[in-house]
Structures are given as C-alpha cells and as structure tokens.
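Below is data13.pdb, which holds PDB, C-alpha atoms.
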```pdb
ATOM      1  CA  MET A   1     119.424 -50.057  48.886  1.00  0.00           C
ATOM      2  CA  ASP A   2     122.705 -48.347  49.672  1.00  0.00           C
ATOM      3  CA  ALA A   3     125.490 -47.811  47.172  1.00  0.00           C
ATOM      4  CA  LEU A   4     129.008 -46.395  46.904  1.00  0.00           C
ATOM      5  CA  ARG A   5     130.710 -45.299  43.680  1.00  0.00           C
ATOM      6  CA  PHE A   6     134.456 -45.182  43.125  1.00  0.00           C
ATOM      7  CA  HIS A   7     136.585 -43.803  40.279  1.00  0.00           C
ATOM      8  CA  SER A   8     140.134 -44.530  39.228  1.00  0.00           C
ATOM      9  CA  ILE A   9     141.258 -41.897  36.723  1.00  0.00           C
ATOM     10  CA  ASN A  10     144.746 -41.459  35.308  1.00  0.00           C
ATOM     11  CA  PRO A  11     144.798 -39.718  31.885  1.00  0.00           C
ATOM     12  CA  GLU A  12     148.507 -40.463  31.378  1.00  0.00           C
ATOM     13  CA  GLU A  13     147.751 -44.199  31.508  1.00  0.00           C
ATOM     14  CA  ASN A  14     144.419 -43.811  29.657  1.00  0.00           C
ATOM     15  CA  ARG A  15     142.633 -45.210  32.716  1.00  0.00           C
ATOM     16  CA  TYR A  16     139.054 -44.093  33.326  1.00  0.00           C
ATOM     17  CA  ARG A  17     137.438 -46.732  35.526  1.00  0.00           C
ATOM     18  CA  PHE A  18     134.429 -46.851  37.812  1.00  0.00           C
ATOM     19  CA  TYR A  19     133.365 -49.355  40.450  1.00  0.00           C
ATOM     20  CA  VAL A  20     129.999 -49.457  42.219  1.00  0.00           C
ATOM     21  CA  ILE A  21     129.237 -51.496  45.336  1.00  0.00           C
ATOM     22  CA  LEU A  22     125.651 -51.758  46.490  1.00  0.00           C
ATOM     23  CA  TRP A  23     123.861 -53.898  49.037  1.00  0.00           C
ATOM     24  CA  MET A  24     120.165 -54.592  49.073  1.00  0.00           C
ATOM     25  CA  GLN A  25     117.550 -56.984  50.343  1.00  0.00           C
ATOM     26  CA  THR A  26     116.235 -59.500  47.835  1.00  0.00           C
ATOM     27  CA  LEU A  27     112.605 -60.425  47.253  1.00  0.00           C
ATOM     28  CA  TRP A  28     113.096 -63.545  49.381  1.00  0.00           C
ATOM     29  CA  GLY A  29     114.363 -61.671  52.438  1.00  0.00           C
ATOM     30  CA  THR A  30     118.055 -62.479  52.005  1.00  0.00           C
ATOM     31  CA  TRP A  31     120.658 -59.855  51.181  1.00  0.00           C
ATOM     32  CA  ALA A  32     122.885 -59.340  48.171  1.00  0.00           C
ATOM     33  CA  VAL A  33     126.018 -57.325  47.430  1.00  0.00           C
ATOM     34  CA  VAL A  34     126.156 -56.230  43.804  1.00  0.00           C
ATOM     35  CA  ARG A  35     129.408 -55.066  42.241  1.00  0.00           C
ATOM     36  CA  ARG A  36     129.477 -53.258  38.891  1.00  0.00           C
ATOM     37  CA  TRP A  37     132.568 -52.008  37.119  1.00  0.00           C
ATOM     38  CA  GLY A  38     133.823 -50.834  33.775  1.00  0.00           C
ATOM     39  CA  ARG A  39     135.217 -47.909  31.832  1.00  0.00           C
ATOM     40  CA  ILE A  40     133.665 -44.501  32.448  1.00  0.00           C
ATOM     41  CA  GLY A  41     131.550 -43.561  29.432  1.00  0.00           C
ATOM     42  CA  ALA A  42     131.544 -47.043  27.901  1.00  0.00           C
ATOM     43  CA  ASP A  43     128.336 -48.960  27.229  1.00  0.00           C
ATOM     44  CA  GLN A  44     129.687 -52.294  28.436  1.00  0.00           C
ATOM     45  CA  THR A  45     129.839 -52.956  32.172  1.00  0.00           C
ATOM     46  CA  HIS A  46     130.466 -56.036  34.267  1.00  0.00           C
ATOM     47  CA  GLU A  47     128.413 -57.183  37.228  1.00  0.00           C
ATOM     48  CA  LEU A  48     128.841 -59.730  39.983  1.00  0.00           C
ATOM     49  CA  ILE A  49     126.196 -60.594  42.602  1.00  0.00           C
ATOM     50  CA  HIS A  50     127.111 -62.107  45.948  1.00  0.00           C
ATOM     51  CA  GLU A  51     124.120 -63.458  47.878  1.00  0.00           C
ATOM     52  CA  CYS A  52     124.300 -63.241  51.673  1.00  0.00           C
ATOM     53  CA  ALA A  53     122.251 -64.799  54.462  1.00  0.00           C
ATOM     54  CA  ASP A  54     121.742 -61.579  56.426  1.00  0.00           C
ATOM     55  CA  LEU A  55     122.588 -57.884  56.562  1.00  0.00           C
ATOM     56  CA  ASP A  56     125.679 -58.404  58.720  1.00  0.00           C
ATOM     57  CA  GLN A  57     127.223 -60.726  56.163  1.00  0.00           C
ATOM     58  CA  ALA A  58     126.331 -58.325  53.332  1.00  0.00           C
ATOM     59  CA  LEU A  59     127.967 -55.417  55.136  1.00  0.00           C
ATOM     60  CA  TRP A  60     131.066 -57.532  55.798  1.00  0.00           C
ATOM     61  CA  VAL A  61     131.354 -58.451  52.097  1.00  0.00           C
ATOM     62  CA  ALA A  62     130.798 -54.814  51.076  1.00  0.00           C
ATOM     63  CA  ALA A  63     133.419 -53.578  53.574  1.00  0.00           C
ATOM     64  CA  GLU A  64     135.996 -56.021  52.184  1.00  0.00           C
ATOM     65  CA  GLN A  65     135.385 -54.727  48.665  1.00  0.00           C
ATOM     66  CA  ILE A  66     135.508 -51.094  49.778  1.00  0.00           C
ATOM     67  CA  GLU A  67     138.887 -51.649  51.451  1.00  0.00           C
ATOM     68  CA  ARG A  68     140.171 -53.439  48.357  1.00  0.00           C
ATOM     69  CA  ARG A  69     139.135 -50.599  46.024  1.00  0.00           C
ATOM     70  CA  LEU A  70     140.765 -47.987  48.262  1.00  0.00           C
ATOM     71  CA  ARG A  71     144.012 -50.021  48.421  1.00  0.00           C
ATOM     72  CA  ARG A  72     144.044 -50.143  44.625  1.00  0.00           C
ATOM     73  CA  GLY A  73     143.863 -46.363  44.316  1.00  0.00           C
ATOM     74  CA  TYR A  74     140.167 -45.823  43.684  1.00  0.00           C
ATOM     75  CA  LYS A  75     138.633 -42.649  45.104  1.00  0.00           C
ATOM     76  CA  LEU A  76     135.140 -42.406  46.573  1.00  0.00           C
ATOM     77  CA  VAL A  77     132.931 -40.169  44.429  1.00  0.00           C
TER
END
```
Rewritten as structure tokens:
Amino acid sequence: MDALRFHSINPEENRYRFYVILWMQTLWGTWAVVRRWGRIGADQTHELIHECADLDQALWVAAEQIERRLRRGYKLV
C-alpha cells in the first residue's frame, strides 16, 4: 500500500483540510484507489473507493487526483 497526504491550510479563511490518496491491492487481486478527506483535527472524515482492474489503472486514477489536489492549492506533506 502506498499513500500520499496533502494539506490545505489558510488560517485567515479558517481552512484546515487534509486529503489522503492511497492505492492498494484488494483481497481478490484487483486494485483500489482510496481517497479520504476532511478537516484536520476533526473526528468526521469522508472516504471514496475507486476499484480498478490493474495497477496501471490505479496509478492513472491516483495521478489524476494528485494533479487535481495540487491545482487546488494543496501541499504534499
């Protein structure tokens, strides 16, 4: 399992967000990209799982999300 964590912090706007992207092999041999996000320090988080047929597809999905987070001002932690 590989994972990347991003933060978007702006105290003036009261924004303290995190976003985690991880990709892993499932028990059935397929791959999944899991995205988790929420407010830093909060108990509630959100999660979305995208199942993929193989590692190449999982890495493509993860790369799209990484680019999107960076465009939206998130910083890699």
Test item: the PyMOL selection byres ((chain A and resi 6-20) around 7) resolved as a ChimeraX atom specification:
/A:3-5,21-22,35-40,73-77
Decode the PyMOL selection byres ((chain A and resi 50) around 12) for the given file into explicit residues and return them as a list of chain:residue names.
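What the PyMOL selection byres ((chain A and resi 50) around 12) grabs from the file is A:Ile21, A:Leu22, A:Trp23, A:Met24, A:Gln25, A:Thr26, A:Thr30, A:Trp31, A:Ala32, A:Val33, A:Val34, A:Arg35, A:Arg36, A:Glu47, A:Leu48, A:Ile49, A:Glu51, A:Cys52, A:Ala53, A:Asp54, A:Gln57, A:Ala58, A:Leu59, A:Trp60, A:Val61, A:Ala62, A:Gln65.
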Between CA of Arg71 in chain A and CA of Gly41 in chain A, what is the distance in Å, rounded to a tenth?
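If I compute the distance from CA of Arg71 in chain A to CA of Gly41 in chain A, I get 23.6 Å.
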Could you write out as AutoDock Vina command-line options the box around range 47-58 of chain A (axis-aligned, all atoms listed in the file, 5 Å on each side), with centre and edge lengths in Å to one decimal?
```
--center_x 125.3 --center_y -61.0 --center_z 48.0 --size_x 17.1 --size_y 17.6 --size_z 31.5
```
Measure the distance from CA of Leu27 in chain A to CA of Glu67 in chain A in Å and round it to one decimal.
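Going from CA of Leu27 in chain A over to CA of Glu67 in chain A covers 28.0 Å.
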